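A quick write-up on the structure given underneath.
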Amino acid sequence: MSNTQQGPAPVASEWTPLKARNVSFDWADTPLHWLPGQPFATHTINVLHLLLPAGERWFVHVYKQALPLITDDRLRRDVVGFIGQEAMHSQAHDDVLPHLKAQGLDPTPYTAQVDWLFEKLLGDRTLPPGKPRKWWLIERIAIIAAIEHYTAFLGDWILNADELDRRGADPTMLDLLRWHGAEEVEHRSVAFELFQHVDGGYARRARTWATAFTALVFLWQRGSRFFMENDPSLGGTGRARVSDFVRDGRRGLLPSTGAMVKSIPRYLSRSYHPSQEGSTAQAVAYLASSPAALAAEARTSGGS
Amino acid sequence: MPRVRTYLIAAGAASLAVVARRALRGRVQESPLWPMPALEEPISGQRRSSGTTRVLVSGRSEPAEGVVQLHLEAMDAGDLPPWEPGAHLDLVLPSGLVRQYSLCGDPADRASYTVATRLITEETGGRGGSLEVHEQIHEGSELEVRGPRNRFALVESASYVFVAGGIGITPLLPMLRAAEAAGAEWRLLYGGRSRATMPFLEEVEKLGVSSERVRIVAEDEDGLPDLGALWADVPQGTAVYACGPEGLLGAVEGSLPEHCSLHVERFAPGANAGGSGAFEVELRRSGEVVRVAADQSVLAALKPVVPNVSYSCEQGFCGTCQQRVIEGEIDHRDELLTDSERDDSLLICVSRAAGERLVLDL
């Protein structure tokens, strides 16, 4: 990690070729509170399962349209790899939802609204061809770059969240989160580089960051609240308070509030490049030992 | 009095805030992301996983030397997905390897599946799948299976010739029973190294040795099978089904009488990757017609013509390359699409045309 670079130059050693991994997870043995005795932290992390199926499907949808704008072959290869990884993230988190429903916590009221957000509000709007359509495409590419700043932040956090291991978190859920987190760290530069390639304007970066950040805070707060209030084991008395978030952040069960605040000026810095934060080596090392990624490797290595 | 007025305004504001908060809480309880609406037909979490079923290994036997037969039962109550003769099942092995095995039980039995696999060691070109089945799967093991799917479907015909080499008898076994039940004319040539290594001999013999429909040729006793005799007086329009080692399939192809149609199933390698014949793809929007060679994927053939065609994993699992099909029969080889998606779309990185031509909405 180095923050001393001038200008948004990538750290070359942080680049790695990207490929989708054909993972699958068996949720049969994962308890509702997969972080034992910690419903708030469990559910705050569970919000990922509410947002990512629709969100990452939308990334793929937008990026497919972005392919014709790319004139650099390496960036095109990165984007192609990125798309497949995001598609698998969406599928993997989507598979958790029926498991939550089976445990008496039906996520559909929330996810149906997230679906509306990504399919309709952020979908392909009826715009005249030419400039307006291109503007809307680039605006969405910029929003994705801002969101990917946070997915990389969370990916780096989960890879280093040893406290979850100490507290006996469910190994399957941890593997899902860390496989996903590691791929987010692996491909953390792609969305930003695509944005720089097609536009890169600072005003747009700042504006879309504000949109994405506000939306994420809103979605997350409502998501934790939704889970806590509807968790059958809490009998309708569960609440999600800001103080719970700060407390669990201090204990290492969630990202700390301080670290989240500090990540804001980094994205807004003119010399920001995602390769300056997180460690590709750590991500690749995790993927080389992840049970899901190893099984995926075995699955794709042969026919009959 | 100004003080009273201040108190009244403050009290009014406070009660308004309480009312507003209560109203918001009520709305958010009803609609977690209020004021956003919900999508009328939700997408997330609704996907029926692509035909994945958990099964219990309820029986394991060795019907011949080096052959293991597994009986698989559904873990939850209810019928297993239906199948027809020629269908195969994808077994997800404990290591994550996925292997295809032909169903050799009775399609009418909706409570269990039967598959059989011959051990192919690494020295003889195996790649670990059958070894894992033989060494690590026992009675009581739990497995995930996908499918069944059929790439070797039995066409309706008045007359059939079946040719099996060794473990290649497995997809043919349900076909024999179906042909017999339909009252069709049929014959079977079943070859193998020695009788001890040939599974299901007894059942096959019961079906037709007396009527001379079945000829069993064990190499150590009888030498290589004589295909010429097999074709003696086959009626016009006979459907020929062959499954076995490459050499046998080649010999069948080479000696096939002109008036017969041939259907083969290979033991793979790469049953789900390699091609099986060339075909044409028409791009309806541009009007272009692209030839897909036998050893080429649709994606590879389209890339030069449609430079921005979407794809990623190139192995049939990420779904990025899904394209709508307007016309043509599809040979699906992915492990992702749901049955309804399979009706009118395919993943161009692995799936192919079942016929001569596909028309894509591209």
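Simple scheme: letters A, B, ... for chains in structure tokens order, numbers from 1 for residues in each chain, numbers from 1 for ligands in the order shown.
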| field | Expected answer as a list in words: strand (DSSP E) residues in range 118-205 of chain B | value |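 Assigned to strand (DSSP E), within range 118-205 of chain B: Arg118, Glu142, Leu143, Glu144, Val145, Arg146, Gly147, Pro148, Arg149, Asn150, Ser159, Tyr160, Val161, Phe162, Val163, Ala164, Gly165, Glu185, Trp186, Arg187, Leu188, Leu189, Tyr190, Gly191 and Gly192 of chain B.
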Counting only C-alpha atoms, which residues of chain A sit at most 7 Å from some atom of chain B, and what is each one's closest atom pair with its distance in Å to one decimal, listed by chain and rising residue number, as JSON lines?
{"residue": "A:Lys19", "atom": "CA", "partner": "B:Cys313", "partner_atom": "CA", "distance": 6.7}
{"residue": "A:Ala20", "atom": "CA", "partner": "B:Cys313", "partner_atom": "CA", "distance": 5.6}
{"residue": "A:Asn22", "atom": "CA", "partner": "B:Phe317", "partner_atom": "CA", "distance": 6.4}
{"residue": "A:Pro53", "atom": "CA", "partner": "B:Ser44", "partner_atom": "CA", "distance": 6.0}
{"residue": "A:Ala54", "atom": "CA", "partner": "B:Ser44", "partner_atom": "CA", "distance": 6.2}
{"residue": "A:Lys64", "atom": "CA", "partner": "B:Ser310", "partner_atom": "CA", "distance": 6.0}
{"residue": "A:Leu67", "atom": "CA", "partner": "B:Asn308", "partner_atom": "CA", "distance": 6.0}
{"residue": "A:Pro68", "atom": "CA", "partner": "B:Asn308", "partner_atom": "CA", "distance": 5.8}
{"residue": "A:Val80", "atom": "CA", "partner": "B:Ser312", "partner_atom": "CA", "distance": 5.2}
{"residue": "A:Gly81", "atom": "CA", "partner": "B:Ser312", "partner_atom": "CA", "distance": 5.8}
{"residue": "A:Ile83", "atom": "CA", "partner": "B:Ser312", "partner_atom": "CA", "distance": 6.5}
{"residue": "A:Gly84", "atom": "CA", "partner": "B:Ser312", "partner_atom": "CA", "distance": 4.9}
{"residue": "A:Ala87", "atom": "CA", "partner": "B:Cys318", "partner_atom": "CA", "distance": 5.8}
{"residue": "A:Met88", "atom": "CA", "partner": "B:Cys318", "partner_atom": "CA", "distance": 5.9}
{"residue": "A:Asp94", "atom": "CA", "partner": "B:Gly45", "partner_atom": "CA", "distance": 5.2}
{"residue": "A:Asp95", "atom": "CA", "partner": "B:Gly45", "partner_atom": "CA", "distance": 6.6}
{"residue": "A:Leu97", "atom": "CA", "partner": "B:Gly45", "partner_atom": "CA", "distance": 5.1}
{"residue": "A:Pro98", "atom": "CA", "partner": "B:Gly45", "partner_atom": "CA", "distance": 6.0}
{"residue": "A:Pro109", "atom": "CA", "partner": "B:Ser31", "partner_atom": "CA", "distance": 6.8}
{"residue": "A:Tyr110", "atom": "CA", "partner": "B:Pro32", "partner_atom": "CA", "distance": 5.6}
{"residue": "A:Thr111", "atom": "CA", "partner": "B:Ser44", "partner_atom": "CA", "distance": 6.2}
{"residue": "A:Ala112", "atom": "CA", "partner": "B:Pro42", "partner_atom": "CA", "distance": 4.8}
{"residue": "A:Gln113", "atom": "CA", "partner": "B:Ala38", "partner_atom": "CA", "distance": 3.9}
{"residue": "A:Asp115", "atom": "CA", "partner": "B:Leu39", "partner_atom": "CA", "distance": 5.9}
{"residue": "A:Trp116", "atom": "CA", "partner": "B:Leu39", "partner_atom": "CA", "distance": 4.5}
{"residue": "A:Arg222", "atom": "CA", "partner": "B:Pro32", "partner_atom": "CA", "distance": 6.4}
{"residue": "A:Phe226", "atom": "CA", "partner": "B:Pro32", "partner_atom": "CA", "distance": 6.2}
{"residue": "A:Ala295", "atom": "CA", "partner": "B:Gly96", "partner_atom": "CA", "distance": 4.5}
{"residue": "A:Ala296", "atom": "CA", "partner": "B:Gly96", "partner_atom": "CA", "distance": 6.4}
{"residue": "A:Ala298", "atom": "CA", "partner": "B:Leu97", "partner_atom": "CA", "distance": 5.4}
{"residue": "A:Arg299", "atom": "CA", "partner": "B:Leu97", "partner_atom": "CA", "distance": 4.1}
{"residue": "A:Gly302", "atom": "CA", "partner": "B:Gly270", "partner_atom": "CA", "distance": 6.9}
{"residue": "A:Gly303", "atom": "CA", "partner": "B:Gly270", "partner_atom": "CA", "distance": 4.2}
{"residue": "A:Ser304", "atom": "CA", "partner": "B:Arg99", "partner_atom": "CA", "distance": 5.0}
| request: Step one, run DSSP on the backbone; step two, keep only residues of range 95-294 of chain B assigned to helix (DSSP H, G or I); then write them as a count of residues only. | output: 56
| query | Excluding same-chain residues fewer than 2 positions from Glu229 in chain A, what lies within 12 Å of it counting only C-alpha atoms, as JSON, numbers by chain? | reply | {"A": [39, 40, 43, 105, 106, 107, 222, 223, 224, 225, 226, 227, 231, 232, 233, 234, 235, 236, 237, 238, 239, 240, 241], "B": [25, 28, 29, 30, 32]}
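Counting from CA of Glu219 in chain B, the distance to CA of Ser194 in chain B is 5.9 Å.
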